Structures are given as C-alpha cells and as structure tokens.
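Colleague: Structure: upload.cif, mmCIF, C-alpha atoms and all ligand atoms.
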data_model
loop_
_atom_site.group_PDB
_atom_site.id
_atom_site.type_symbol
_atom_site.label_atom_id
_atom_site.label_comp_id
_atom_site.auth_asym_id
_atom_site.auth_seq_id
_atom_site.Cartn_x
_atom_site.Cartn_y
_atom_site.Cartn_z
ATOM 1 C CA MET A 1 3.799 -25.537 -10.008
ATOM 2 C CA ASN A 2 4.462 -21.839 -10.495
ATOM 3 C CA PRO A 3 5.016 -20.426 -6.979
ATOM 4 C CA PHE A 4 3.974 -16.960 -8.186
ATOM 5 C CA ASP A 5 0.601 -18.116 -9.567
ATOM 6 C CA LEU A 6 -2.341 -16.405 -7.842
ATOM 7 C CA SER A 7 -5.138 -18.310 -9.594
ATOM 8 C CA GLY A 8 -8.042 -19.006 -7.258
ATOM 9 C CA THR A 9 -7.049 -16.301 -4.779
ATOM 10 C CA SER A 10 -8.955 -13.176 -3.834
ATOM 11 C CA ALA A 11 -7.427 -9.860 -2.883
ATOM 12 C CA ILE A 12 -8.330 -6.456 -1.513
ATOM 13 C CA VAL A 13 -6.285 -3.453 -2.664
ATOM 14 C CA THR A 14 -6.967 -0.039 -1.121
ATOM 15 C CA GLY A 15 -6.259 3.050 -3.198
ATOM 16 C CA ALA A 16 -6.385 1.039 -6.420
ATOM 17 C CA SER A 17 -7.470 3.980 -8.580
ATOM 18 C CA THR A 18 -4.045 5.397 -9.334
ATOM 19 C CA GLY A 19 -0.288 5.298 -8.737
ATOM 20 C CA LEU A 20 1.237 2.371 -6.862
ATOM 21 C CA GLY A 21 -2.142 0.819 -5.995
ATOM 22 C CA ALA A 22 -3.116 0.711 -9.665
ATOM 23 C CA ALA A 23 0.128 -1.054 -10.621
ATOM 24 C CA ILE A 24 -0.219 -3.531 -7.747
ATOM 25 C CA THR A 25 -3.853 -4.263 -8.666
ATOM 26 C CA LEU A 26 -3.011 -4.965 -12.309
ATOM 27 C CA ALA A 27 -0.044 -7.152 -11.309
ATOM 28 C CA LEU A 28 -2.141 -9.272 -8.922
ATOM 29 C CA ALA A 29 -4.910 -9.603 -11.525
ATOM 30 C CA ASP A 30 -2.366 -10.590 -14.202
ATOM 31 C CA ALA A 31 -1.046 -13.284 -11.849
ATOM 32 C CA GLY A 32 -4.591 -14.678 -11.549
ATOM 33 C CA ALA A 33 -6.121 -13.061 -8.449
ATOM 34 C CA GLU A 34 -9.649 -11.663 -8.267
ATOM 35 C CA VAL A 35 -9.234 -8.167 -6.837
ATOM 36 C CA LEU A 36 -11.632 -5.928 -4.938
ATOM 37 C CA LEU A 37 -10.622 -2.377 -5.787
ATOM 38 C CA VAL A 38 -11.311 -0.120 -2.803
ATOM 39 C CA ASP A 39 -11.524 3.565 -3.621
ATOM 40 C CA ARG A 40 -13.386 6.733 -2.779
ATOM 41 C CA ARG A 41 -14.658 6.809 -6.376
ATOM 42 C CA GLU A 42 -16.208 3.985 -8.363
ATOM 43 C CA GLN A 43 -14.647 4.672 -11.764
ATOM 44 C CA SER A 44 -10.934 4.819 -12.475
ATOM 45 C CA GLU A 45 -8.428 3.977 -15.185
ATOM 46 C CA THR A 46 -7.627 0.786 -13.259
ATOM 47 C CA VAL A 47 -11.248 -0.363 -13.559
ATOM 48 C CA GLU A 48 -11.271 0.475 -17.286
ATOM 49 C CA HIS A 49 -7.928 -1.297 -17.841
ATOM 50 C CA LEU A 50 -9.144 -4.509 -16.176
ATOM 51 C CA ARG A 51 -12.374 -4.489 -18.188
ATOM 52 C CA GLU A 52 -10.505 -3.808 -21.456
ATOM 53 C CA HIS A 53 -8.372 -6.875 -20.703
ATOM 54 C CA GLY A 54 -11.386 -9.106 -20.156
ATOM 55 C CA LYS A 55 -11.159 -9.204 -16.365
ATOM 56 C CA THR A 56 -13.884 -8.489 -13.840
ATOM 57 C CA ALA A 57 -13.322 -5.275 -11.885
ATOM 58 C CA HIS A 58 -14.876 -5.769 -8.455
ATOM 59 C CA THR A 59 -15.202 -2.351 -6.841
ATOM 60 C CA PHE A 60 -16.109 -1.055 -3.402
ATOM 61 C CA GLN A 61 -16.390 2.604 -2.486
ATOM 62 C CA ALA A 62 -15.031 3.579 0.908
ATOM 63 C CA ASP A 63 -13.328 6.509 2.583
ATOM 64 C CA LEU A 64 -10.636 5.288 4.982
ATOM 65 C CA LEU A 65 -11.187 8.361 7.139
ATOM 66 C CA ASP A 66 -14.436 6.646 8.155
ATOM 67 C CA PRO A 67 -13.706 4.514 11.263
ATOM 68 C CA GLY A 68 -16.251 1.906 10.114
ATOM 69 C CA ALA A 69 -14.642 1.484 6.680
ATOM 70 C CA PRO A 70 -12.202 -1.389 7.465
ATOM 71 C CA GLN A 71 -14.929 -3.810 8.573
ATOM 72 C CA MET A 72 -17.259 -2.775 5.718
ATOM 73 C CA ILE A 73 -14.477 -3.409 3.185
ATOM 74 C CA VAL A 74 -13.697 -6.886 4.495
ATOM 75 C CA ASP A 75 -17.426 -7.736 4.713
ATOM 76 C CA ALA A 76 -17.801 -6.669 1.064
ATOM 77 C CA ALA A 77 -14.856 -8.851 -0.001
ATOM 78 C CA ILE A 78 -16.228 -11.882 1.827
ATOM 79 C CA LYS A 79 -19.646 -11.293 0.268
ATOM 80 C CA GLU A 80 -18.028 -11.103 -3.188
ATOM 81 C CA PHE A 81 -15.401 -13.861 -2.931
ATOM 82 C CA GLY A 82 -16.262 -15.852 0.206
ATOM 83 C CA LYS A 83 -12.756 -15.230 1.632
ATOM 84 C CA VAL A 84 -9.841 -12.823 1.747
ATOM 85 C CA ASP A 85 -6.491 -14.357 0.774
ATOM 86 C CA ILE A 86 -4.542 -11.162 0.147
ATOM 87 C CA LEU A 87 -4.873 -7.706 1.673
ATOM 88 C CA VAL A 88 -2.822 -4.833 0.255
ATOM 89 C CA ASN A 89 -2.930 -1.787 2.515
ATOM 90 C CA ASN A 90 -1.793 0.705 -0.100
ATOM 91 C CA ALA A 91 -3.934 3.869 0.253
ATOM 92 C CA GLY A 92 -2.029 6.719 1.802
ATOM 93 C CA ILE A 93 -1.886 10.489 1.998
ATOM 94 C CA ILE A 94 0.826 13.042 2.693
ATOM 95 C CA ARG A 95 0.665 16.633 3.970
ATOM 96 C CA ARG A 96 3.722 18.852 3.569
ATOM 97 C CA THR A 97 3.964 21.638 6.175
ATOM 98 C CA PRO A 98 6.760 22.693 8.549
ATOM 99 C CA ALA A 99 6.328 21.251 12.049
ATOM 100 C CA LEU A 100 5.688 24.646 13.680
ATOM 101 C CA GLU A 101 2.618 25.239 11.506
ATOM 102 C CA PHE A 102 1.372 21.644 11.280
ATOM 103 C CA SER A 103 -2.380 21.414 12.027
ATOM 104 C CA GLU A 104 -4.178 18.857 14.184
ATOM 105 C CA LYS A 105 -6.473 18.068 11.251
ATOM 106 C CA ASP A 106 -3.546 17.161 8.975
ATOM 107 C CA TRP A 107 -1.951 15.112 11.762
ATOM 108 C CA ASP A 108 -5.143 13.153 12.459
ATOM 109 C CA GLU A 109 -6.107 12.552 8.833
ATOM 110 C CA VAL A 110 -2.688 11.242 7.844
ATOM 111 C CA MET A 111 -2.452 8.988 10.898
ATOM 112 C CA THR A 112 -6.001 7.689 10.295
ATOM 113 C CA VAL A 113 -5.578 6.753 6.635
ATOM 114 C CA ASN A 114 -1.921 5.683 6.753
ATOM 115 C CA SER A 115 -1.767 3.692 9.976
ATOM 116 C CA ARG A 116 -5.107 3.350 11.842
ATOM 117 C CA ALA A 117 -6.859 1.965 8.761
ATOM 118 C CA VAL A 118 -3.891 -0.347 8.092
ATOM 119 C CA PHE A 119 -4.221 -1.929 11.523
ATOM 120 C CA PHE A 120 -8.014 -2.289 11.544
ATOM 121 C CA LEU A 121 -8.177 -3.596 7.967
ATOM 122 C CA SER A 122 -5.527 -6.156 8.910
ATOM 123 C CA GLN A 123 -7.512 -7.083 12.023
ATOM 124 C CA ALA A 124 -10.767 -7.509 10.068
ATOM 125 C CA ALA A 125 -9.094 -9.517 7.273
ATOM 126 C CA GLY A 126 -6.975 -11.398 9.819
ATOM 127 C CA ARG A 127 -10.107 -12.768 11.494
ATOM 128 C CA ASP A 128 -11.027 -14.496 8.219
ATOM 129 C CA MET A 129 -7.445 -15.558 7.449
ATOM 130 C CA VAL A 130 -6.862 -17.102 10.886
ATOM 131 C CA LYS A 131 -9.944 -19.311 10.438
ATOM 132 C CA ARG A 132 -8.505 -20.689 7.197
ATOM 133 C CA LYS A 133 -4.854 -20.619 8.340
ATOM 134 C CA TYR A 134 -3.908 -18.752 5.171
ATOM 135 C CA GLY A 135 -3.333 -15.122 4.301
ATOM 136 C CA LYS A 136 -0.969 -12.576 2.834
ATOM 137 C CA ILE A 137 -0.991 -9.027 4.145
ATOM 138 C CA ILE A 138 1.136 -6.471 2.318
ATOM 139 C CA ASN A 139 1.439 -3.008 3.826
ATOM 140 C CA VAL A 140 2.847 -0.112 1.847
ATOM 141 C CA ALA A 141 5.429 1.555 4.050
ATOM 142 C CA SER A 142 7.983 4.147 2.875
ATOM 143 C CA LEU A 143 11.616 5.201 3.142
ATOM 144 C CA LEU A 144 10.143 7.454 5.842
ATOM 145 C CA SER A 145 9.504 4.309 7.869
ATOM 146 C CA PHE A 146 13.267 4.607 8.459
ATOM 147 C CA GLN A 147 14.070 8.283 7.900
ATOM 148 C CA GLY A 148 12.447 11.424 9.314
ATOM 149 C CA GLY A 149 11.777 13.242 6.050
ATOM 150 C CA ILE A 150 11.512 17.021 5.686
ATOM 151 C CA THR A 151 8.277 18.901 6.619
ATOM 152 C CA VAL A 152 6.175 15.706 6.589
ATOM 153 C CA PRO A 153 6.054 14.847 10.334
ATOM 154 C CA SER A 154 2.726 13.012 10.390
ATOM 155 C CA TYR A 155 3.649 11.053 7.273
ATOM 156 C CA SER A 156 6.940 9.873 8.810
ATOM 157 C CA ALA A 157 5.174 9.001 12.070
ATOM 158 C CA SER A 158 2.445 7.087 10.251
ATOM 159 C CA LYS A 159 4.890 5.160 8.051
ATOM 160 C CA GLY A 160 7.105 4.325 11.023
ATOM 161 C CA ALA A 161 3.945 2.852 12.517
ATOM 162 C CA VAL A 162 3.274 0.838 9.348
ATOM 163 C CA ALA A 163 6.663 -0.892 9.685
ATOM 164 C CA GLN A 164 6.003 -1.644 13.352
ATOM 165 C CA ILE A 165 2.416 -2.851 12.742
ATOM 166 C CA THR A 166 3.865 -5.173 10.089
ATOM 167 C CA LYS A 167 6.346 -6.697 12.551
ATOM 168 C CA ALA A 168 3.873 -6.837 15.452
ATOM 169 C CA LEU A 169 1.254 -8.701 13.383
ATOM 170 C CA ALA A 170 3.885 -10.996 11.858
ATOM 171 C CA ASN A 171 4.950 -12.032 15.347
ATOM 172 C CA GLU A 172 1.376 -12.926 16.308
ATOM 173 C CA TRP A 173 0.230 -14.476 13.046
ATOM 174 C CA ALA A 174 3.243 -16.161 11.347
ATOM 175 C CA SER A 175 2.507 -19.461 13.111
ATOM 176 C CA LEU A 176 -1.136 -19.218 11.967
ATOM 177 C CA GLY A 177 -0.237 -19.315 8.271
ATOM 178 C CA ILE A 178 -0.478 -15.568 7.687
ATOM 179 C CA ASN A 179 2.424 -13.673 6.144
ATOM 180 C CA VAL A 180 2.501 -10.001 7.083
ATOM 181 C CA ASN A 181 5.112 -7.999 5.193
ATOM 182 C CA ALA A 182 5.596 -4.502 3.830
ATOM 183 C CA ILE A 183 6.965 -2.851 0.730
ATOM 184 C CA ALA A 184 8.880 0.375 1.325
ATOM 185 C CA PRO A 185 8.948 2.184 -2.016
ATOM 186 C CA GLY A 186 11.603 4.773 -2.716
ATOM 187 C CA TYR A 187 10.915 7.963 -4.661
ATOM 188 C CA MET A 188 8.201 7.017 -7.160
ATOM 189 C CA VAL A 189 6.491 8.999 -9.909
ATOM 190 C CA THR A 190 2.885 9.333 -8.624
ATOM 191 C CA ASN A 191 0.498 12.064 -7.383
ATOM 192 C CA ASN A 192 2.046 11.614 -3.916
ATOM 193 C CA THR A 193 5.347 13.143 -5.095
ATOM 194 C CA GLU A 194 3.952 15.732 -7.530
ATOM 195 C CA GLN A 195 4.714 18.668 -5.228
ATOM 196 C CA LEU A 196 8.207 17.339 -4.510
ATOM 197 C CA ARG A 197 9.019 16.816 -8.185
ATOM 198 C CA ALA A 198 7.831 20.356 -8.939
ATOM 199 C CA ASN A 199 10.620 21.690 -6.693
ATOM 200 C CA GLU A 200 13.543 21.678 -9.160
ATOM 201 C CA THR A 201 16.282 21.725 -6.534
ATOM 202 C CA ARG A 202 14.827 18.891 -4.433
ATOM 203 C CA TYR A 203 14.072 16.890 -7.588
ATOM 204 C CA ARG A 204 17.684 17.188 -8.773
ATOM 205 C CA GLN A 205 19.147 16.466 -5.309
ATOM 206 C CA ILE A 206 16.997 13.359 -4.882
ATOM 207 C CA THR A 207 17.694 12.037 -8.386
ATOM 208 C CA GLU A 208 21.448 12.474 -7.877
ATOM 209 C CA ARG A 209 21.302 10.407 -4.670
ATOM 210 C CA ILE A 210 19.474 7.425 -6.214
ATOM 211 C CA PRO A 211 22.103 4.840 -7.291
ATOM 212 C CA ALA A 212 19.799 3.595 -10.066
ATOM 213 C CA GLY A 213 19.846 7.149 -11.444
ATOM 214 C CA ARG A 214 16.089 7.471 -11.798
ATOM 215 C CA TRP A 215 12.856 7.717 -9.817
ATOM 216 C CA GLY A 216 10.763 4.555 -9.569
ATOM 217 C CA GLU A 217 7.716 3.917 -11.755
ATOM 218 C CA PRO A 218 4.621 2.237 -10.257
ATOM 219 C CA GLU A 219 5.346 -0.866 -12.369
ATOM 220 C CA ASP A 220 8.607 -1.312 -10.434
ATOM 221 C CA LEU A 221 6.456 -2.703 -7.610
ATOM 222 C CA ALA A 222 4.569 -5.243 -9.730
ATOM 223 C CA GLY A 223 6.846 -8.271 -9.280
ATOM 224 C CA VAL A 224 7.489 -7.454 -5.620
ATOM 225 C CA ALA A 225 3.759 -7.359 -4.873
ATOM 226 C CA VAL A 226 3.151 -10.679 -6.646
ATOM 227 C CA PHE A 227 6.048 -12.241 -4.724
ATOM 228 C CA LEU A 228 4.680 -11.144 -1.342
ATOM 229 C CA ALA A 229 1.130 -12.174 -2.319
ATOM 230 C CA SER A 230 2.143 -15.643 -3.490
ATOM 231 C CA LYS A 231 3.396 -18.949 -2.124
ATOM 232 C CA ALA A 232 6.901 -17.864 -3.158
ATOM 233 C CA SER A 233 7.060 -15.807 0.056
ATOM 234 C CA ASP A 234 5.607 -18.405 2.451
ATOM 235 C CA TYR A 235 8.673 -18.209 4.773
ATOM 236 C CA VAL A 236 8.985 -14.391 4.639
ATOM 237 C CA ASN A 237 7.509 -12.804 7.770
ATOM 238 C CA GLY A 238 7.628 -9.288 9.167
ATOM 239 C CA HIS A 239 9.929 -8.052 6.415
ATOM 240 C CA VAL A 240 9.971 -4.480 5.126
ATOM 241 C CA LEU A 241 11.169 -4.853 1.550
ATOM 242 C CA VAL A 242 12.794 -1.669 0.289
ATOM 243 C CA VAL A 243 12.271 -0.999 -3.439
ATOM 244 C CA ASP A 244 14.187 2.218 -3.936
ATOM 245 C CA GLY A 245 16.809 1.960 -6.697
ATOM 246 C CA GLY A 246 19.442 1.689 -3.964
ATOM 247 C CA TRP A 247 18.620 4.897 -1.985
ATOM 248 C CA MET A 248 18.974 3.213 1.419
ATOM 249 C CA ALA A 249 22.262 1.575 0.413
ATOM 250 C CA ARG A 250 23.912 4.952 -0.149
HETATM 251 P P1 LIG B 301 -1.374 8.449 -4.906
HETATM 252 O O1 LIG B 301 -1.165 8.402 -6.383
HETATM 253 O O2 LIG B 301 -1.690 9.740 -4.247
HETATM 254 O O3 LIG B 301 -2.435 7.333 -4.519
HETATM 255 C C1 LIG B 301 -2.979 7.230 -3.233
HETATM 256 C C2 LIG B 301 -4.217 6.366 -3.270
HETATM 257 O O4 LIG B 301 -4.791 6.348 -1.958
HETATM 258 C C3 LIG B 301 -5.275 6.898 -4.219
HETATM 259 O O5 LIG B 301 -5.922 5.827 -4.858
HETATM 260 C C4 LIG B 301 -6.217 7.605 -3.258
HETATM 261 O O6 LIG B 301 -7.537 7.701 -3.730
HETATM 262 C C5 LIG B 301 -6.164 6.691 -2.073
HETATM 263 N N1 LIG B 301 -6.675 7.360 -0.888
HETATM 264 C C6 LIG B 301 -6.212 8.497 -0.333
HETATM 265 N N2 LIG B 301 -6.982 8.841 0.714
HETATM 266 C C7 LIG B 301 -7.956 7.897 0.829
HETATM 267 C C8 LIG B 301 -9.063 7.709 1.702
HETATM 268 N N3 LIG B 301 -9.338 8.579 2.664
HETATM 269 N N4 LIG B 301 -9.849 6.647 1.509
HETATM 270 C C9 LIG B 301 -9.601 5.774 0.501
HETATM 271 N N5 LIG B 301 -8.583 5.900 -0.366
HETATM 272 C C10 LIG B 301 -7.763 6.950 -0.201
HETATM 273 O O7 LIG B 301 -0.040 7.988 -4.203
HETATM 274 P P2 LIG B 301 0.878 6.696 -4.343
HETATM 275 O O8 LIG B 301 2.269 7.182 -4.437
HETATM 276 O O9 LIG B 301 0.377 5.751 -5.364
HETATM 277 O O10 LIG B 301 0.685 6.117 -2.884
HETATM 278 C C11 LIG B 301 0.370 4.767 -2.592
HETATM 279 C C12 LIG B 301 1.038 4.382 -1.283
HETATM 280 O O11 LIG B 301 2.455 4.401 -1.468
HETATM 281 C C13 LIG B 301 0.771 5.350 -0.133
HETATM 282 O O12 LIG B 301 0.608 4.636 1.066
HETATM 283 C C14 LIG B 301 2.039 6.189 -0.105
HETATM 284 O O13 LIG B 301 2.258 6.744 1.166
HETATM 285 C C15 LIG B 301 3.056 5.134 -0.440
HETATM 286 N N6 LIG B 301 4.358 5.611 -0.895
HETATM 287 C C16 LIG B 301 4.493 6.363 -2.030
HETATM 288 C C17 LIG B 301 5.748 6.773 -2.422
HETATM 289 C C18 LIG B 301 5.987 7.601 -3.663
HETATM 290 O O14 LIG B 301 7.123 8.038 -3.878
HETATM 291 N N7 LIG B 301 4.996 7.853 -4.477
HETATM 292 C C19 LIG B 301 6.868 6.419 -1.680
HETATM 293 C C20 LIG B 301 6.691 5.652 -0.542
HETATM 294 C C21 LIG B 301 5.439 5.246 -0.168
HETATM 295 P P3 LIG B 301 -8.107 9.011 -4.487
HETATM 296 O O15 LIG B 301 -7.834 8.752 -5.915
HETATM 297 O O16 LIG B 301 -9.541 9.010 -4.125
HETATM 298 O O17 LIG B 301 -7.373 10.197 -3.918
#
Could you render the structure from this file as structure tokens?
Modeller:
Amino acid sequence: MNPFDLSGTSAIVTGASTGLGAAITLALADAGAEVLLVDRREQSETVEHLREHGKTAHTFQADLLDPGAPQMIVDAAIKEFGKVDILVNNAGIIRRTPALEFSEKDWDEVMTVNSRAVFFLSQAAGRDMVKRKYGKIINVASLLSFQGGITVPSYSASKGAVAQITKALANEWASLGINVNAIAPGYMVTNNTEQLRANETRYRQITERIPAGRWGEPEDLAGVAVFLASKASDYVNGHVLVVDGGWMAR
C-alpha cells in the first residue's frame, strides 16, 4: 500500500490555471486523482498539459467573487465524480496599496476570494464529506497568515483568516474523518509576486533573507499537496504547513 496513492479519489482545485494551483493540480493528477479544475476561463496550460499526458481535464468555470459560486462548484464536482474527496482552496488575489489609500472595493474583493470563498467552499464540500466520513481540505494560506506584510492589508487579513478557518474547521470535523490543513507558501515565482519581483531592492532583500537562497517554484508544493491530500496525513489536523525555504525559521 502506497500511502500517497490517490487512485480512485476526486478533487476540486480552485485557480488551477496557473502558478501554485497548476502545480498542485498536476501533482494530484499524477498521484491518481481525478481533478475538477475551477477557473474563470475554460482553457489553460494546465488543461493542455493534462490532455497531452493522456488524462481527462474536467473543467468548471466560476468566478469566486460570485457568492453562489461555492455551491455551484461542489454541485458540479458531485455531478462529475459522485463525491468530493479532496478540496484545494488555492485561488487567491492580492492588491498592493498603502493603507491610507486602500479602497473598499479592493478590501472586499480580496476578502471575498481569499477567505469568504474558502469557508463556503469548505462548507459545501464538507456536507458531502461528513456523509461519507472522509475528506481532505487543503487551504492555501501564506507567510502573511503570520506576518503583517507591507502595503497588502486586506491580503494579510484574508490569509490570517485562512489559517483560523483551517483550525476552526479541523476542530469541528477531525472526529468526522475530515482532515482540514493549510499550506503556507513562502515567496514563490508566480503572477502573484510579479510586482514584488520587479522591485529590485525588495527582490534582493527578500532573496537574501531566505535560508534556502532562492524563491520557491510552484513545483516545490507538489509533494506537500499530495501528502495532505492522501492517507499519509490521516492524523494531521488543523496544521498550517510552511513551505518557505526556511524564511520563518530566520
Ligand atoms: P496566481 O498565479 O496569480 O494564481 C491565482 C489563481 O487564482 C489563478 O488561477 C486565478 O485565475 C485564480 N483566481 C483569482 N481570482 C479568482 C476569482 N475571482 N475566481 C476564480 N479564480 C480566481 O498566484 P499564485 O501565487 O499561484 O497564488 C495561488 C495561491 O497561493 C493564492 O491563494 C495566493 O494568495 C497564495 N500564495 C502565493 C504566494 C506566492 O509567493 N506566489 C505566497 C503565499 C501564498 P485567473 O487566471 O483567472 O486570474
């Protein structure tokens, strides 16, 4: 028995089109899961990659700013697979503006996608998981679940909430066979950090502080995602697993 084998399982990954979500999707599919890729657009390199490798790319278009999206996504997964074993709440947005100029729109949008949708997707999937006494929920948190960040107040608030949602749901659902955990990635090379990496001084300062001496690549999350999605993590509950090249240890 390979405890990391995901054959026969079905998963939902939000924001699967690019970056960390793409790497997580491909890792789960490689481990044997059928994955519903949830994105605002239907086509992406992730979809093409799966098809090129002989796998079925199940897709569902949704905008997580839509309050009805979480239930529609879970309904679509149940229609496609009959069940939801794994939910990866990965989609997220960031807005960089000093606090004095921060708009209500940016505050609300970031909180909606990054934390409201995380809770209501977990609730909708949790209703199916509780019935079957099995489920793995993986939320994508951040180092800003722990730290305040600079000029990203709604992002820090929303990611702090992700860590707390993870622990709150773990407390309620661990005894029902559902593992709720989070991955807190460090500084990773994706669209999310494009603006930050374009700032030469901040880029250098951040790189110098990372003990591993480099920024993370999306693939650095692959094994971690499979671990938290698989039987290997059956006794791991409410954990926020930092994957940051040692940043938080410094
Ligand atoms: P990314 O490349 O910008 O990807 C974000 C994904 O979320 C995209 O697929 C995007 O879809 C999707 N998304 C955004 N808004 C959405 C909406 N309203 N409805 C549905 N999907 C939406 O960034 P990433 O770095 O891979 O981010 C993935 C997660 O990791 C996020 O939660 C982010 O906060 C977190 N994170 C990233 C880092 C890092 O250093 N990169 C560090 C810590 C945590 P579109 O293609 O349609 O925009």
Colleague: What are the centre and the three edge lengths of an axis-aligned box that wraps all atoms of ligand LIG 301 (chain B) in the file, given that 4 Å is added to every side, written as AutoDock Vina command-line options and rounded to one decimal in Å?
Modeller:
--center_x -1.4 --center_y 7.3 --center_z -1.9 --size_x 25.0 --size_y 13.8 --size_z 17.0
Colleague: Using the chain letters and numbers from the file, give me the residues hit by the PyMOL selection byres (((chain A and resi 25) around 8) and not hetatm), as a PyMOL selection string.
Modeller: chain A and resi 13+16+21-24+26-29+35+37+46
Colleague: Which is closer to Ile94 (chain A) than all the others in A:Thr18, A:Thr112, A:Thr59, A:Asn192, using only C-alpha atoms?
Modeller: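 When distances to Ile94 (chain A) are compared using only C-alpha atoms, the smallest one comes from A:Asn192.
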Colleague: Could you give me the residues within 7 Å of ligand LIG 301 (chain B), counting all atoms listed in the file, as a PyMOL selection string?
Modeller: chain A and resi 14-21+38-41+62-65+90-94+113-114+140-143+184-193
Colleague: Which one is closest to Ser154 (chain A): A:Pro98, A:Gly246, A:Gly223, A:Pro3? Count only C-alpha atoms.
Modeller: A:Pro98
Colleague: Check what the PyMOL selection byres (((chain A and resi 32) around 12) and not hetatm) selects in the file above and give those residues as a CSV table (one decimal) with C-alpha atoms, keeping the file's coordinate frame.
Modeller:
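Result went into out-v9.csv, see below:
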chain,number,residue,atom,x,y,z
A,2,ASN,CA,4.5,-21.8,-10.5
A,4,PHE,CA,4.0,-17.0,-8.2
A,5,ASP,CA,0.6,-18.1,-9.6
A,6,LEU,CA,-2.3,-16.4,-7.8
A,7,SER,CA,-5.1,-18.3,-9.6
A,8,GLY,CA,-8.0,-19.0,-7.3
A,9,THR,CA,-7.0,-16.3,-4.8
A,10,SER,CA,-9.0,-13.2,-3.8
A,11,ALA,CA,-7.4,-9.9,-2.9
A,25,THR,CA,-3.9,-4.3,-8.7
A,26,LEU,CA,-3.0,-5.0,-12.3
A,27,ALA,CA,0.0,-7.2,-11.3
A,28,LEU,CA,-2.1,-9.3,-8.9
A,29,ALA,CA,-4.9,-9.6,-11.5
A,30,ASP,CA,-2.4,-10.6,-14.2
A,31,ALA,CA,-1.0,-13.3,-11.8
A,33,ALA,CA,-6.1,-13.1,-8.4
A,34,GLU,CA,-9.6,-11.7,-8.3
A,35,VAL,CA,-9.2,-8.2,-6.8
A,55,LYS,CA,-11.2,-9.2,-16.4
A,56,THR,CA,-13.9,-8.5,-13.8
A,226,VAL,CA,3.2,-10.7,-6.6
A,229,ALA,CA,1.1,-12.2,-2.3
A,230,SER,CA,2.1,-15.6,-3.5
Colleague: Return the single residue from A:Arg127, A:Arg116, A:Lys105, A:Lys79 that is closest to Pro67 (chain A), with distances computed using only C-alpha atoms.
Modeller: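 Among A:Arg127, A:Arg116, A:Lys105, A:Lys79, it is A:Arg116 that comes nearest to Pro67 (chain A).
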Colleague: Which value, in Å to one decimal, gives the distance between CA of Leu36 (chain A) and CA of Ile73 (chain A)?
Modeller: 9.0 Å
